[in-house]
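Single-structure report; data block below.
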Amino acid sequence: MQTLFVRAAEVAACSGPPRQAEDADPAAARQGVAVAVERGRIVEVGPEAELRARFPRAAEVDCAGGTLTPGLVDSHTHAVFGRWRTDEYALRSQGVPYMEIARRGGGINASVRDLRARSEDELVELSLPRLRDLLANGVTTAEVKSGYGLATEDELKTLRAIRRLASLQPIELIPTFLGAHEVPPEYRDRRDAYVELLVEEMIPAVAESGLARFCDVFMEPGVFDRAQSERILRAGLDHGLRPKIHADELEGSGGAELAVELGAASADHLGDVSEAGIAALAGSRTVATLLPATLFFLGRPNFAPARALLDAGATVALATDFNPGSSPTPSLPFVMTAACSRMGMSPAEALRAATAGGAAALELADGRGTLAPGAPADLVLWRCASAGEIPYRLAAPVVAGVWKGGVRVVG
Ligand code: NIG
Ligand code: FE
């Protein structure tokens, strides 16, 4: 079966992740073009009359003056967890810092206690509506991390839940093992023993299960230091798990540099990345994944230096960091707004960072995140007259329809 998407005001091709001085992507916005889809893939993008003649029997989708873009690729989420942490938000709004709440027994370890007490079935049931929220915001591919189990069986339980969720809803899920999200309470006074457990038991078990593609570490002062992070990620590499790092989120500690040294897929957060870190990322294939919803929600005054990263030549992705502690939003369009309003990115760069940039951060090389022949027909129709209107319409519900592999799944 063939489908033709017609009458879009604009078709945003997103030819690749944003790069230096390439703001005016010539293929970014095209008027008067249609998109032909066959067997789950985009087969042609071209003038409407031409495509109608070439595909006379195709079913038509009337885009009614909206904007068509590739499906969004959210390359950093912690979408599988138990309860929300609403109580912490009240404390934070009164000025108690995130790391202080963690020291008092809240934070990630509060979610760990909660998740350990839940069954795999419960996790699936609780997470399904959250993935629906991501989908309703235009996401067609999402990375999901474990990291609230912090014990072999609880991490595997989380990864099994992710695999089940992948088959229960339309978003393609890319799983990441984040056993190094925090040191669990039972290892508080012997932190290196937890690193030992990760390297000797958890990583081999996760690799053996085939339930994760990436291995991630929260490298931050007071959590995992450089030596521990390197050891964990090298063990992951030895077992075929590609590295990612929560790097330089609140206080820089060389995470970006380590990510580049290890050839990591991405260095994420970068709220306090150093000049050396920016230079290292610029000269590498490691994607700088920026998560401004987190710094916004934590009330931090400064955002990651997106402009400096782009101008230096780094590849940039935008993601939600969807999680119950520091970023409870499923909205990548909001993240795009934050990137434009607070980080000096242009609307065109923000869209490419949330599509092709996310695909690069997940090392997906099937054209995903672009709207070009050969790419999967993962598409979003926006109630917007141009792609630039997506971040401009701050927090408005502008998604009119979502297609995954050519099948309509929203709208
Ligand atoms: O990316 N930084 C570590 N992990 C998450 C926070 C998770 C949580 O607070 O539950 C983050 O911000
Ligand atoms: Fe995170």
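Following the order of the structure tokens, first chain is A, next is B, and so on, with residues numbered from 1 inside each chain and ligands from 1 in the order they appear.
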TODO: From the DSSP assignment of the backbone, select every residue of segment 180-237 of chain A that is strand (DSSP E or B), and format the answer as a PyMOL selection string.
DONE: chain A and resi 180+214-219+224
Could those residues be written to a file, using N, CA and C atoms, as a PDB file, in the first residue's frame?
ATOM      1  N   ALA A 180      25.018   2.264  37.070  1.00  0.00           N
ATOM      2  CA  ALA A 180      25.867   3.275  37.727  1.00  0.00           C
ATOM      3  C   ALA A 180      25.149   4.628  37.768  1.00  0.00           C
ATOM      4  N   PHE A 214      23.295   0.105  25.355  1.00  0.00           N
ATOM      5  CA  PHE A 214      24.274   1.053  25.874  1.00  0.00           C
ATOM      6  C   PHE A 214      24.506   0.838  27.365  1.00  0.00           C
ATOM      7  N   CYS A 215      25.671   1.333  27.836  1.00  0.00           N
ATOM      8  CA  CYS A 215      25.980   1.351  29.268  1.00  0.00           C
ATOM      9  C   CYS A 215      26.267   2.806  29.630  1.00  0.00           C
ATOM     10  N   ASP A 216      25.594   3.316  30.644  1.00  0.00           N
ATOM     11  CA  ASP A 216      25.671   4.730  31.009  1.00  0.00           C
ATOM     12  C   ASP A 216      26.163   4.844  32.453  1.00  0.00           C
ATOM     13  N   VAL A 217      26.773   5.991  32.779  1.00  0.00           N
ATOM     14  CA  VAL A 217      27.250   6.267  34.138  1.00  0.00           C
ATOM     15  C   VAL A 217      26.882   7.705  34.502  1.00  0.00           C
ATOM     16  N   PHE A 218      26.439   7.913  35.741  1.00  0.00           N
ATOM     17  CA  PHE A 218      26.233   9.277  36.248  1.00  0.00           C
ATOM     18  C   PHE A 218      27.555   9.723  36.866  1.00  0.00           C
ATOM     19  N   MET A 219      28.398  10.368  36.036  1.00  0.00           N
ATOM     20  CA  MET A 219      29.706  10.830  36.503  1.00  0.00           C
ATOM     21  C   MET A 219      29.539  12.257  37.011  1.00  0.00           C
ATOM     22  N   PHE A 224      29.775   9.106  40.865  1.00  0.00           N
ATOM     23  CA  PHE A 224      30.898   8.293  40.389  1.00  0.00           C
ATOM     24  C   PHE A 224      31.991   9.226  39.872  1.00  0.00           C
TER      25      PHE A 224
END
Protein and nucleic acid residues within 7 Å of ligand 2 (only C-alpha atoms and all ligand atoms) as a short mmCIF file (atom, residue, chain, number, x, y, z; two decimals) with N, CA and C atoms, in the first residue's frame:
data_model
loop_
_atom_site.label_atom_id
_atom_site.label_comp_id
_atom_site.auth_asym_id
_atom_site.auth_seq_id
_atom_site.Cartn_x
_atom_site.Cartn_y
_atom_site.Cartn_z
N HIS A 76 17.32 10.33 25.49
CA HIS A 76 17.72 10.23 26.91
C HIS A 76 16.47 10.30 27.79
N THR A 77 16.00 9.14 28.25
CA THR A 77 14.88 9.12 29.21
C THR A 77 15.12 8.07 30.30
N HIS A 78 14.46 8.32 31.42
CA HIS A 78 14.41 7.33 32.51
C HIS A 78 12.92 7.04 32.71
N HIS A 246 26.40 10.52 31.69
CA HIS A 246 25.79 11.72 32.28
C HIS A 246 26.99 12.57 32.69
N ASP A 321 15.26 13.86 29.04
CA ASP A 321 15.72 13.37 30.35
C ASP A 321 14.51 12.98 31.21
#
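Around ligand 1, using only C-alpha atoms and all ligand atoms and a cut-off of 6 Å, the residues in contact are Gly107, Ile108, Phe218, Asp321, Asn323, Pro324, Gly325 and Ser326 of chain A.
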Output all heavy atoms for every residue in that selection, as a PDB file, in the first residue's frame.
ATOM      1  N   GLY A 107      15.847  11.776  46.361  1.00  0.00           N
ATOM      2  CA  GLY A 107      16.539  11.682  45.077  1.00  0.00           C
ATOM      3  C   GLY A 107      16.439  10.300  44.468  1.00  0.00           C
ATOM      4  O   GLY A 107      15.471   9.561  44.689  1.00  0.00           O
ATOM      5  N   ILE A 108      17.475   9.938  43.718  1.00  0.00           N
ATOM      6  CA  ILE A 108      17.466   8.678  42.978  1.00  0.00           C
ATOM      7  C   ILE A 108      17.183   7.497  43.916  1.00  0.00           C
ATOM      8  O   ILE A 108      16.407   6.597  43.591  1.00  0.00           O
ATOM      9  CB  ILE A 108      18.803   8.512  42.225  1.00  0.00           C
ATOM     10  CG1 ILE A 108      18.902   9.588  41.124  1.00  0.00           C
ATOM     11  CG2 ILE A 108      18.932   7.115  41.639  1.00  0.00           C
ATOM     12  CD1 ILE A 108      20.294   9.744  40.526  1.00  0.00           C
ATOM     13  N   PHE A 218      26.439   7.913  35.741  1.00  0.00           N
ATOM     14  CA  PHE A 218      26.233   9.277  36.248  1.00  0.00           C
ATOM     15  C   PHE A 218      27.555   9.723  36.866  1.00  0.00           C
ATOM     16  O   PHE A 218      27.851   9.451  38.021  1.00  0.00           O
ATOM     17  CB  PHE A 218      25.101   9.278  37.281  1.00  0.00           C
ATOM     18  CG  PHE A 218      24.700  10.653  37.783  1.00  0.00           C
ATOM     19  CD1 PHE A 218      25.073  11.828  37.135  1.00  0.00           C
ATOM     20  CD2 PHE A 218      23.912  10.767  38.929  1.00  0.00           C
ATOM     21  CE1 PHE A 218      24.679  13.080  37.605  1.00  0.00           C
ATOM     22  CE2 PHE A 218      23.509  12.014  39.408  1.00  0.00           C
ATOM     23  CZ  PHE A 218      23.895  13.169  38.752  1.00  0.00           C
ATOM     24  N   ASP A 321      15.264  13.863  29.037  1.00  0.00           N
ATOM     25  CA  ASP A 321      15.718  13.366  30.348  1.00  0.00           C
ATOM     26  C   ASP A 321      14.507  12.980  31.211  1.00  0.00           C
ATOM     27  O   ASP A 321      14.606  12.972  32.438  1.00  0.00           O
ATOM     28  CB  ASP A 321      16.579  14.413  31.072  1.00  0.00           C
ATOM     29  CG  ASP A 321      17.347  13.822  32.257  1.00  0.00           C
ATOM     30  OD1 ASP A 321      17.525  12.593  32.295  1.00  0.00           O
ATOM     31  OD2 ASP A 321      17.770  14.596  33.144  1.00  0.00           O
ATOM     32  N   ASN A 323      12.199  11.924  33.727  1.00  0.00           N
ATOM     33  CA  ASN A 323      12.434  11.144  34.949  1.00  0.00           C
ATOM     34  C   ASN A 323      11.668  11.783  36.106  1.00  0.00           C
ATOM     35  O   ASN A 323      11.258  12.939  36.011  1.00  0.00           O
ATOM     36  CB  ASN A 323      13.946  11.042  35.239  1.00  0.00           C
ATOM     37  CG  ASN A 323      14.509  12.327  35.841  1.00  0.00           C
ATOM     38  OD1 ASN A 323      14.251  12.649  37.001  1.00  0.00           O
ATOM     39  ND2 ASN A 323      15.268  13.090  35.049  1.00  0.00           N
ATOM     40  N   PRO A 324      11.464  11.044  37.209  1.00  0.00           N
ATOM     41  CA  PRO A 324      10.600  11.576  38.281  1.00  0.00           C
ATOM     42  C   PRO A 324      11.272  12.609  39.183  1.00  0.00           C
ATOM     43  O   PRO A 324      10.593  13.249  39.987  1.00  0.00           O
ATOM     44  CB  PRO A 324      10.253  10.322  39.092  1.00  0.00           C
ATOM     45  CG  PRO A 324      11.425   9.416  38.881  1.00  0.00           C
ATOM     46  CD  PRO A 324      11.903   9.667  37.477  1.00  0.00           C
ATOM     47  N   GLY A 325      12.601  12.781  39.048  1.00  0.00           N
ATOM     48  CA  GLY A 325      13.281  13.695  39.968  1.00  0.00           C
ATOM     49  C   GLY A 325      13.592  15.048  39.367  1.00  0.00           C
ATOM     50  O   GLY A 325      13.201  16.094  39.900  1.00  0.00           O
ATOM     51  N   SER A 326      14.287  15.036  38.233  1.00  0.00           N
ATOM     52  CA  SER A 326      14.816  16.309  37.733  1.00  0.00           C
ATOM     53  C   SER A 326      14.169  16.769  36.429  1.00  0.00           C
ATOM     54  O   SER A 326      14.476  17.870  35.964  1.00  0.00           O
ATOM     55  CB  SER A 326      16.333  16.188  37.528  1.00  0.00           C
ATOM     56  OG  SER A 326      16.621  15.230  36.538  1.00  0.00           O
TER      57      SER A 326
END
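Note that the spacing between atom CA of Ala377 of chain A and atom CA of Val43 of chain A amounts to 8.8 Å.
Each of A:Arg393, A:Leu290, A:Glu349, A:Leu371 was compared to Gly46 of chain A using only C-alpha atoms, and A:Leu371 turns out to be the nearest.
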TODO: List every residue of segment 20-265 of chain A that DSSP, applied to the backbone, labels as helix (DSSP H, G or I), and write the result as a VMD selection string.
DONE: chain A and resid 48 to 54 86 to 93 98 to 103 108 to 116 120 to 136 152 to 168 185 to 187 191 to 209 226 to 238 255 to 261
- [ ] Write out as a PyMOL selection string the residues lying within 8 Å of Phe334 of chain A, counting only C-alpha atoms and excluding same-chain residues fewer than 3 positions away.
- [x] chain A and resi 293+331+337-338+391+394-395
